[in-house]
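**Student:** Structure provided below as structure tokens; questions to follow.
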Amino acid sequence: MRGENYMNLEFPSKSANEAFARAAVACFAAQLDPTLDELGDIKTAVSEAVTNCIVHAYPDTIGQIILKARILDGNVLDIVVKDRGRGIEDVEQARKPMFTTGGEERSGMGITIMESFMTEFRLSSVPGKGTTVHMKRKIIRRGGKK
Amino acid sequence: MKLTSYVQDRQLTIALTGEIDHHSAREIMQTVSEKIDLYMPLRCILDFRDVRFMDSSGIAVVLHTLRRMNTLQGKLFLQNIPAQPYKVLRAAGIEKVTEIREECTK
């Protein structure tokens, strides 16, 4: 049995870090031997979560984003993206497809995509304190692996 | 951002490249808008062949381009979309508001 592996990252909410964050998680996930499709789903979900921190949690400032990833038993990748930004007043509304407070530059599909691309998705938020997104993705074991 | 484009018979083809995320989307939208304003096309084609990654910011790019083309009473087409961007576009039901095709006919 494989011992638990994990990574923790902390970086400022600069949009240049979106590419860094999804690439870092993709590299970490590589040990689970994902397919290109699975890797694409994971990168997309991480990109959405980190973008939400940048656009919504810290709209007028640069704040701190914490990104954690762990390997769980059963070939599961567990990802947490956390900010200490302004939080979400109405989580139900935020989860609705096509709803956004981000203007014309945003599509309002970020949360919908995270929900549908990952195996599990949880969002908790405290207005004024911050938001945490917790998601899991099971990577299918393929033939030829012990 | 430099985007390669090609115009013929009021058909504007724009080749998107690289990674489309929130960081790059604003510049892409601006460049696409400038090209549409310059050439006033009847048909605009966004070509995704060289897009290596796209998140939901790409949906906003497509919707933005669609609105510009609608104001010109023109049409928007998307072509050569790799699997990862296609999955993101499909999650937003983009195929219901614009035409997706493999190759354009001149």
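Each chain in the structure tokens gets a letter, A, B and so on, in the order shown; residues start at 1 in every chain, and ligands are counted from 1 in the order they appear.
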Using only C-alpha atoms, I'd like every residue of chain A that has an atom within 7 Å of chain B; please write them out as a ChimeraX atom specification.
**Tutor:** /A:15-16,40,44,47-48,51,105-107,109-110,113
**Student:** Can those selected residues be exported to a file as a PDB file, in the first residue's frame so that it contains N, CA and C atoms?
**Tutor:**
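Ended up saving to result31.pdb:
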```pdb
ATOM      1  N   SER A  15      -3.316  36.759 -11.291  1.00  0.00           N
ATOM      2  CA  SER A  15      -3.880  35.875 -12.307  1.00  0.00           C
ATOM      3  C   SER A  15      -2.805  35.052 -13.024  1.00  0.00           C
ATOM      4  N   ALA A  16      -1.555  35.525 -12.983  1.00  0.00           N
ATOM      5  CA  ALA A  16      -0.473  34.738 -13.589  1.00  0.00           C
ATOM      6  C   ALA A  16      -0.319  33.396 -12.879  1.00  0.00           C
ATOM      7  N   GLY A  40      -7.172  16.678 -17.768  1.00  0.00           N
ATOM      8  CA  GLY A  40      -7.850  17.875 -18.276  1.00  0.00           C
ATOM      9  C   GLY A  40      -8.951  18.327 -17.331  1.00  0.00           C
ATOM     10  N   THR A  44      -8.905  21.831 -15.221  1.00  0.00           N
ATOM     11  CA  THR A  44      -9.997  22.778 -15.408  1.00  0.00           C
ATOM     12  C   THR A  44     -10.602  23.157 -14.056  1.00  0.00           C
ATOM     13  N   SER A  47      -8.307  25.378 -12.065  1.00  0.00           N
ATOM     14  CA  SER A  47      -8.274  26.703 -12.681  1.00  0.00           C
ATOM     15  C   SER A  47      -9.508  27.517 -12.282  1.00  0.00           C
ATOM     16  N   GLU A  48     -10.677  26.861 -12.261  1.00  0.00           N
ATOM     17  CA  GLU A  48     -11.917  27.546 -11.872  1.00  0.00           C
ATOM     18  C   GLU A  48     -11.858  27.997 -10.408  1.00  0.00           C
ATOM     19  N   THR A  51      -9.324  30.835  -9.986  1.00  0.00           N
ATOM     20  CA  THR A  51      -9.845  32.054 -10.616  1.00  0.00           C
ATOM     21  C   THR A  51     -10.916  32.702  -9.740  1.00  0.00           C
ATOM     22  N   GLU A 105     -16.808  39.538 -18.443  1.00  0.00           N
ATOM     23  CA  GLU A 105     -15.608  38.727 -18.632  1.00  0.00           C
ATOM     24  C   GLU A 105     -15.734  37.327 -18.053  1.00  0.00           C
ATOM     25  N   ARG A 106     -16.779  37.121 -17.261  1.00  0.00           N
ATOM     26  CA  ARG A 106     -16.953  35.813 -16.645  1.00  0.00           C
ATOM     27  C   ARG A 106     -18.214  35.151 -17.197  1.00  0.00           C
ATOM     28  N   SER A 107     -18.216  33.814 -17.204  1.00  0.00           N
ATOM     29  CA  SER A 107     -19.353  33.118 -17.802  1.00  0.00           C
ATOM     30  C   SER A 107     -20.358  32.632 -16.768  1.00  0.00           C
ATOM     31  N   MET A 109     -19.937  29.903 -15.111  1.00  0.00           N
ATOM     32  CA  MET A 109     -19.966  28.443 -15.223  1.00  0.00           C
ATOM     33  C   MET A 109     -18.917  27.755 -14.352  1.00  0.00           C
ATOM     34  N   GLY A 110     -18.133  28.531 -13.613  1.00  0.00           N
ATOM     35  CA  GLY A 110     -17.013  27.955 -12.850  1.00  0.00           C
ATOM     36  C   GLY A 110     -17.437  26.869 -11.882  1.00  0.00           C
ATOM     37  N   ILE A 113     -18.883  23.732 -13.562  1.00  0.00           N
ATOM     38  CA  ILE A 113     -17.832  22.895 -14.151  1.00  0.00           C
ATOM     39  C   ILE A 113     -17.100  22.102 -13.071  1.00  0.00           C
TER      40      ILE A 113
END
```
**Student:** Skip Glu89 of chain A itself and residues of its chain fewer than 3 positions away, then list as a list in words all residues within 10 Å of it, counting only C-alpha atoms.
**Tutor:**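 My list of contacting residues is Arg86, Glu92, Gln93, Ala94, Ser125, Val126, Pro127 and Gly128 of chain A.
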**Student:** Given the selection you just returned, output its residues as a file containing N, CA and C atoms, formatted as a tab-separated table (two decimals), in the first residue's frame.
**Tutor:**
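Output contents, as saved in out-v5.tsv:
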```
chain	number	residue	atom	x	y	z
A	86	ARG	N	-13.48	37.81	0.87
A	86	ARG	CA	-14.73	38.38	1.37
A	86	ARG	C	-15.87	37.38	1.53
A	92	GLU	N	-26.16	29.42	-2.56
A	92	GLU	CA	-27.08	28.78	-3.51
A	92	GLU	C	-27.13	29.52	-4.84
A	93	GLN	N	-27.18	30.83	-4.74
A	93	GLN	CA	-27.21	31.66	-5.96
A	93	GLN	C	-25.90	31.51	-6.73
A	94	ALA	N	-24.78	31.51	-6.01
A	94	ALA	CA	-23.47	31.40	-6.65
A	94	ALA	C	-23.32	30.10	-7.42
A	125	SER	N	-18.47	28.73	2.88
A	125	SER	CA	-18.05	30.12	2.85
A	125	SER	C	-18.63	30.88	4.03
A	126	VAL	N	-17.83	31.74	4.60
A	126	VAL	CA	-18.29	32.62	5.66
A	126	VAL	C	-18.06	34.06	5.19
A	127	PRO	N	-19.14	34.83	4.99
A	127	PRO	CA	-18.97	36.21	4.52
A	127	PRO	C	-17.97	36.98	5.41
A	128	GLY	N	-17.02	37.61	4.77
A	128	GLY	CA	-16.02	38.39	5.51
A	128	GLY	C	-14.83	37.58	5.99
```
**Student:** I need the alpha helix (DSSP H) residues of chain A per DSSP on the backbone, written as a PyMOL selection string.
**Tutor:** chain A and resi 17-29+36-52+91-95+110-117
**Student:** Generate the output file for the selected residues, N, CA and C atoms, as a compact mmCIF listing (two decimals), in the first residue's frame.
**Tutor:**
```txt
# COMPACT_ATOMS: atom_id res chain seq x y z
N ASN A 17 -0.81 33.29 -11.63
CA ASN A 17 -0.66 32.05 -10.88
C ASN A 17 -1.72 31.00 -11.22
N GLU A 18 -2.71 31.35 -12.02
CA GLU A 18 -3.72 30.37 -12.42
C GLU A 18 -3.07 29.19 -13.15
N ALA A 19 -2.21 29.53 -14.12
CA ALA A 19 -1.54 28.49 -14.91
C ALA A 19 -0.60 27.67 -14.02
N PHE A 20 0.10 28.37 -13.11
CA PHE A 20 1.02 27.69 -12.19
C PHE A 20 0.26 26.69 -11.32
N ALA A 21 -0.88 27.12 -10.76
CA ALA A 21 -1.64 26.27 -9.83
C ALA A 21 -2.13 25.00 -10.52
N ARG A 22 -2.72 25.15 -11.72
CA ARG A 22 -3.26 23.93 -12.37
C ARG A 22 -2.13 23.01 -12.84
N ALA A 23 -1.00 23.62 -13.25
CA ALA A 23 0.13 22.79 -13.68
C ALA A 23 0.72 22.03 -12.48
N ALA A 24 0.79 22.70 -11.33
CA ALA A 24 1.35 22.06 -10.13
C ALA A 24 0.50 20.85 -9.72
N VAL A 25 -0.83 21.04 -9.72
CA VAL A 25 -1.71 19.93 -9.33
C VAL A 25 -1.63 18.81 -10.37
N ALA A 26 -1.53 19.18 -11.65
CA ALA A 26 -1.43 18.16 -12.69
C ALA A 26 -0.17 17.33 -12.52
N CYS A 27 0.95 17.98 -12.19
CA CYS A 27 2.20 17.25 -11.97
C CYS A 27 2.08 16.32 -10.76
N PHE A 28 1.46 16.83 -9.71
CA PHE A 28 1.28 16.01 -8.50
C PHE A 28 0.38 14.81 -8.80
N ALA A 29 -0.66 15.05 -9.59
CA ALA A 29 -1.64 13.98 -9.90
C ALA A 29 -1.04 12.91 -10.81
N LEU A 36 -5.32 11.53 -20.15
CA LEU A 36 -5.30 12.95 -20.54
C LEU A 36 -6.63 13.61 -20.22
N ASP A 37 -7.72 12.86 -20.41
CA ASP A 37 -9.06 13.39 -20.11
C ASP A 37 -9.20 13.70 -18.62
N GLU A 38 -8.76 12.76 -17.79
CA GLU A 38 -8.86 12.97 -16.34
C GLU A 38 -8.01 14.17 -15.92
N LEU A 39 -6.82 14.24 -16.49
CA LEU A 39 -5.92 15.35 -16.17
C LEU A 39 -6.54 16.69 -16.62
N GLY A 40 -7.17 16.68 -17.77
CA GLY A 40 -7.85 17.88 -18.28
C GLY A 40 -8.95 18.33 -17.33
N ASP A 41 -9.73 17.37 -16.82
CA ASP A 41 -10.81 17.69 -15.88
C ASP A 41 -10.25 18.32 -14.60
N ILE A 42 -9.16 17.73 -14.08
CA ILE A 42 -8.55 18.22 -12.84
C ILE A 42 -7.99 19.62 -13.04
N LYS A 43 -7.28 19.83 -14.14
CA LYS A 43 -6.71 21.15 -14.41
C LYS A 43 -7.81 22.20 -14.56
N THR A 44 -8.91 21.83 -15.22
CA THR A 44 -10.00 22.78 -15.41
C THR A 44 -10.60 23.16 -14.06
N ALA A 45 -10.86 22.14 -13.21
CA ALA A 45 -11.48 22.42 -11.91
C ALA A 45 -10.59 23.30 -11.04
N VAL A 46 -9.28 23.01 -11.03
CA VAL A 46 -8.35 23.82 -10.22
C VAL A 46 -8.32 25.26 -10.76
N SER A 47 -8.31 25.38 -12.06
CA SER A 47 -8.27 26.70 -12.68
C SER A 47 -9.51 27.52 -12.28
N GLU A 48 -10.68 26.86 -12.26
CA GLU A 48 -11.92 27.55 -11.87
C GLU A 48 -11.86 28.00 -10.41
N ALA A 49 -11.38 27.10 -9.55
CA ALA A 49 -11.35 27.41 -8.11
C ALA A 49 -10.40 28.58 -7.83
N VAL A 50 -9.23 28.53 -8.44
CA VAL A 50 -8.24 29.58 -8.20
C VAL A 50 -8.71 30.91 -8.81
N THR A 51 -9.32 30.84 -9.99
CA THR A 51 -9.84 32.05 -10.62
C THR A 51 -10.92 32.70 -9.74
N ASN A 52 -11.78 31.88 -9.13
CA ASN A 52 -12.80 32.43 -8.24
C ASN A 52 -12.17 33.20 -7.08
N VAL A 91 -24.64 31.34 -1.20
CA VAL A 91 -23.96 30.22 -1.86
C VAL A 91 -24.87 29.57 -2.91
N GLU A 92 -26.16 29.42 -2.56
CA GLU A 92 -27.08 28.78 -3.51
C GLU A 92 -27.13 29.52 -4.84
N GLN A 93 -27.18 30.83 -4.74
CA GLN A 93 -27.21 31.66 -5.96
C GLN A 93 -25.90 31.51 -6.73
N ALA A 94 -24.78 31.51 -6.01
CA ALA A 94 -23.47 31.40 -6.65
C ALA A 94 -23.32 30.10 -7.42
N ARG A 95 -24.00 29.06 -6.94
CA ARG A 95 -23.87 27.74 -7.57
C ARG A 95 -24.69 27.61 -8.84
N GLY A 110 -18.13 28.53 -13.61
CA GLY A 110 -17.01 27.96 -12.85
C GLY A 110 -17.44 26.87 -11.88
N ILE A 111 -18.42 27.15 -11.05
CA ILE A 111 -18.83 26.17 -10.04
C ILE A 111 -19.50 24.97 -10.70
N THR A 112 -20.33 25.23 -11.71
CA THR A 112 -20.99 24.13 -12.43
C THR A 112 -19.95 23.17 -13.01
N ILE A 113 -18.88 23.73 -13.56
CA ILE A 113 -17.83 22.89 -14.15
C ILE A 113 -17.10 22.10 -13.07
N MET A 114 -16.78 22.74 -11.95
CA MET A 114 -16.12 22.00 -10.87
C MET A 114 -17.00 20.85 -10.40
N GLU A 115 -18.31 21.12 -10.25
CA GLU A 115 -19.25 20.08 -9.80
C GLU A 115 -19.32 18.92 -10.78
N SER A 116 -19.35 19.24 -12.07
CA SER A 116 -19.57 18.15 -13.03
C SER A 116 -18.26 17.45 -13.43
N PHE A 117 -17.13 18.11 -13.29
CA PHE A 117 -15.87 17.48 -13.70
C PHE A 117 -15.23 16.67 -12.57
```
**Student:** Pick from B:Tyr86, B:Cys44, B:Arg101, B:Lys35: nearest to Thr13 of chain B, with only C-alpha atoms counted?
**Tutor:**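 So, comparing all the options, the nearest one is B:Cys44.
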**Student:** Point out the residue among A:Asn8, A:Thr100, A:Gln64, A:Ser124 with the least atom-to-atom distance to Arg84 of chain A, counting only C-alpha atoms.
**Tutor:**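 Of A:Asn8, A:Thr100, A:Gln64, A:Ser124, the one nearest Arg84 of chain A, counting only C-alpha atoms, is A:Gln64.
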**Student:** From a DSSP pass on the backbone, collect the residues of chain B flagged as strand (DSSP E) and hand them back as number ranges by chain.
**Tutor:** B: 4-8, 11-20, 43-54, 75-79, 99-101
**Student:** Next, write the just-selected residues to a file, as an mmCIF file, in the first residue's frame, keeping N, CA and C atoms as the atom set.
**Tutor:**
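This is the output file out.cif:
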```cif
data_model
loop_
_atom_site.group_PDB
_atom_site.id
_atom_site.type_symbol
_atom_site.label_atom_id
_atom_site.label_comp_id
_atom_site.auth_asym_id
_atom_site.auth_seq_id
_atom_site.Cartn_x
_atom_site.Cartn_y
_atom_site.Cartn_z
ATOM 1 N N THR B 4 -3.273 35.219 -34.950
ATOM 2 C CA THR B 4 -3.242 35.149 -36.408
ATOM 3 C C THR B 4 -4.672 35.140 -36.936
ATOM 4 N N SER B 5 -4.906 35.932 -37.970
ATOM 5 C CA SER B 5 -6.242 35.911 -38.562
ATOM 6 C C SER B 5 -6.151 35.992 -40.078
ATOM 7 N N TYR B 6 -7.254 35.650 -40.694
ATOM 8 C CA TYR B 6 -7.297 35.525 -42.149
ATOM 9 C C TYR B 6 -8.661 36.007 -42.614
ATOM 10 N N VAL B 7 -8.660 36.898 -43.580
ATOM 11 C CA VAL B 7 -9.941 37.443 -44.055
ATOM 12 C C VAL B 7 -10.102 37.165 -45.539
ATOM 13 N N GLN B 8 -11.258 36.676 -45.907
ATOM 14 C CA GLN B 8 -11.583 36.529 -47.320
ATOM 15 C C GLN B 8 -13.099 36.605 -47.486
ATOM 16 N N GLN B 11 -15.265 36.991 -44.569
ATOM 17 C CA GLN B 11 -15.203 35.912 -43.578
ATOM 18 C C GLN B 11 -13.885 36.044 -42.828
ATOM 19 N N LEU B 12 -13.994 36.210 -41.512
ATOM 20 C CA LEU B 12 -12.811 36.415 -40.672
ATOM 21 C C LEU B 12 -12.533 35.152 -39.869
ATOM 22 N N THR B 13 -11.359 34.570 -40.066
ATOM 23 C CA THR B 13 -10.961 33.398 -39.285
ATOM 24 C C THR B 13 -9.870 33.822 -38.306
ATOM 25 N N ILE B 14 -10.090 33.536 -37.038
ATOM 26 C CA ILE B 14 -9.099 33.890 -36.019
ATOM 27 C C ILE B 14 -8.605 32.612 -35.354
ATOM 28 N N ALA B 15 -7.286 32.428 -35.339
ATOM 29 C CA ALA B 15 -6.700 31.243 -34.710
ATOM 30 C C ALA B 15 -6.344 31.565 -33.266
ATOM 31 N N LEU B 16 -7.039 30.918 -32.334
ATOM 32 C CA LEU B 16 -6.714 31.086 -30.917
ATOM 33 C C LEU B 16 -5.560 30.144 -30.587
ATOM 34 N N THR B 17 -4.689 30.562 -29.664
ATOM 35 C CA THR B 17 -3.548 29.705 -29.335
ATOM 36 C C THR B 17 -3.298 29.665 -27.829
ATOM 37 N N GLY B 18 -2.601 28.636 -27.406
ATOM 38 C CA GLY B 18 -2.103 28.554 -26.034
ATOM 39 C C GLY B 18 -3.171 28.212 -25.012
ATOM 40 N N GLU B 19 -3.068 28.842 -23.835
ATOM 41 C CA GLU B 19 -3.975 28.534 -22.743
ATOM 42 C C GLU B 19 -4.949 29.696 -22.555
ATOM 43 N N ILE B 20 -6.244 29.388 -22.598
ATOM 44 C CA ILE B 20 -7.250 30.436 -22.394
ATOM 45 C C ILE B 20 -7.775 30.322 -20.965
ATOM 46 N N ARG B 43 -19.182 36.610 -41.441
ATOM 47 C CA ARG B 43 -18.964 35.342 -40.752
ATOM 48 C C ARG B 43 -17.643 35.418 -40.004
ATOM 49 N N CYS B 44 -17.679 34.995 -38.745
ATOM 50 C CA CYS B 44 -16.448 34.954 -37.951
ATOM 51 C C CYS B 44 -16.232 33.510 -37.518
ATOM 52 N N ILE B 45 -15.015 33.018 -37.705
ATOM 53 C CA ILE B 45 -14.685 31.646 -37.314
ATOM 54 C C ILE B 45 -13.584 31.695 -36.264
ATOM 55 N N LEU B 46 -13.855 31.117 -35.112
ATOM 56 C CA LEU B 46 -12.798 30.964 -34.104
ATOM 57 C C LEU B 46 -12.232 29.553 -34.250
ATOM 58 N N ASP B 47 -10.943 29.478 -34.504
ATOM 59 C CA ASP B 47 -10.289 28.182 -34.685
ATOM 60 C C ASP B 47 -9.521 27.820 -33.411
ATOM 61 N N PHE B 48 -9.843 26.659 -32.845
ATOM 62 C CA PHE B 48 -9.283 26.242 -31.554
ATOM 63 C C PHE B 48 -8.128 25.242 -31.691
ATOM 64 N N ARG B 49 -7.674 24.997 -32.924
ATOM 65 C CA ARG B 49 -6.693 23.925 -33.142
ATOM 66 C C ARG B 49 -5.487 24.012 -32.208
ATOM 67 N N ASP B 50 -4.990 25.214 -31.950
ATOM 68 C CA ASP B 50 -3.773 25.361 -31.152
ATOM 69 C C ASP B 50 -4.040 25.776 -29.702
ATOM 70 N N VAL B 51 -5.278 25.549 -29.238
ATOM 71 C CA VAL B 51 -5.583 25.837 -27.837
ATOM 72 C C VAL B 51 -5.203 24.613 -26.997
ATOM 73 N N ARG B 52 -4.257 24.804 -26.088
ATOM 74 C CA ARG B 52 -3.753 23.673 -25.298
ATOM 75 C C ARG B 52 -4.567 23.452 -24.030
ATOM 76 N N PHE B 53 -5.208 24.519 -23.543
ATOM 77 C CA PHE B 53 -6.042 24.418 -22.339
ATOM 78 C C PHE B 53 -7.044 25.545 -22.362
ATOM 79 N N MET B 54 -8.248 25.256 -21.861
ATOM 80 C CA MET B 54 -9.252 26.322 -21.749
ATOM 81 C C MET B 54 -10.149 26.062 -20.542
ATOM 82 N N LYS B 75 -22.618 35.829 -38.429
ATOM 83 C CA LYS B 75 -22.681 34.512 -37.790
ATOM 84 C C LYS B 75 -21.325 34.117 -37.225
ATOM 85 N N LEU B 76 -21.379 33.344 -36.145
ATOM 86 C CA LEU B 76 -20.145 32.856 -35.519
ATOM 87 C C LEU B 76 -20.059 31.340 -35.660
ATOM 88 N N PHE B 77 -18.884 30.864 -36.006
ATOM 89 C CA PHE B 77 -18.640 29.418 -36.081
ATOM 90 C C PHE B 77 -17.401 29.087 -35.239
ATOM 91 N N LEU B 78 -17.410 27.899 -34.656
ATOM 92 C CA LEU B 78 -16.234 27.417 -33.915
ATOM 93 C C LEU B 78 -15.731 26.173 -34.623
ATOM 94 N N GLN B 79 -14.425 26.051 -34.771
ATOM 95 C CA GLN B 79 -13.930 24.857 -35.465
ATOM 96 C C GLN B 79 -12.643 24.320 -34.875
ATOM 97 N N GLU B 99 -22.576 27.577 -34.013
ATOM 98 C CA GLU B 99 -22.361 26.364 -34.791
ATOM 99 C C GLU B 99 -20.937 25.862 -34.619
ATOM 100 N N ILE B 100 -20.814 24.576 -34.296
ATOM 101 C CA ILE B 100 -19.495 23.966 -34.160
ATOM 102 C C ILE B 100 -19.273 23.053 -35.350
ATOM 103 N N ARG B 101 -18.143 23.200 -35.987
ATOM 104 C CA ARG B 101 -17.873 22.330 -37.125
ATOM 105 C C ARG B 101 -16.388 22.050 -37.222
#
```
**Student:** Could you please determine the separation between atom CA of Arg68 of chain B and atom CA of Leu42 of chain B in Å, to one decimal place?
**Tutor:**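 Value for the atom CA of Arg68 of chain B-atom CA of Leu42 of chain B distance: 11.0 Å.
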**Student:** What is the atom CA of Leu123 of chain A-atom CA of Leu32 of chain A distance in Å, reported with one decimal?
**Tutor:** 24.7 Å
**Student:** At a cut-off of 7 Å, using only C-alpha atoms, what residues contact Glu120 of chain A? Leave out same-chain residues fewer than 2 positions from it and give the result as a PyMOL selection string.
**Tutor:** chain A and resi 118+122+135-137
**Student:** Go ahead and write the residues just picked, N, CA and C atoms, as a short mmCIF file (atom, residue, chain, number, x, y, z; two decimals), in the first residue's frame.
**Tutor:**
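Result file is again-v2.cif:
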```
data_model
loop_
_atom_site.label_atom_id
_atom_site.label_comp_id
_atom_site.auth_asym_id
_atom_site.auth_seq_id
_atom_site.Cartn_x
_atom_site.Cartn_y
_atom_site.Cartn_z
N MET A 118 -15.65 16.92 -11.33
CA MET A 118 -15.03 16.21 -10.22
C MET A 118 -16.02 15.19 -9.63
N ARG A 122 -17.49 20.22 -2.60
CA ARG A 122 -18.11 20.89 -1.45
C ARG A 122 -17.61 22.31 -1.39
N MET A 135 -12.66 19.38 -3.23
CA MET A 135 -13.12 18.48 -4.28
C MET A 135 -12.26 17.24 -4.37
N LYS A 136 -12.88 16.18 -4.85
CA LYS A 136 -12.18 14.90 -5.00
C LYS A 136 -12.40 14.38 -6.41
N ARG A 137 -11.39 13.68 -6.90
CA ARG A 137 -11.54 13.06 -8.20
C ARG A 137 -10.93 11.67 -8.14
#
```
**Student:** May I ask for the distance between atom CA of Thr98 of chain B and atom CA of Met69 of chain B, given in Å to one decimal place?
**Tutor:**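 One can read the atom CA of Thr98 of chain B to atom CA of Met69 of chain B distance as 10.9 Å.
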**Student:** Between B:Pro82, B:Asp9, B:Leu3, B:Val97, which is the closest to Asn70 of chain B once you count only C-alpha atoms?
**Tutor:**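 Of B:Pro82, B:Asp9, B:Leu3, B:Val97, the one nearest Asn70 of chain B is B:Val97, counting only C-alpha atoms.
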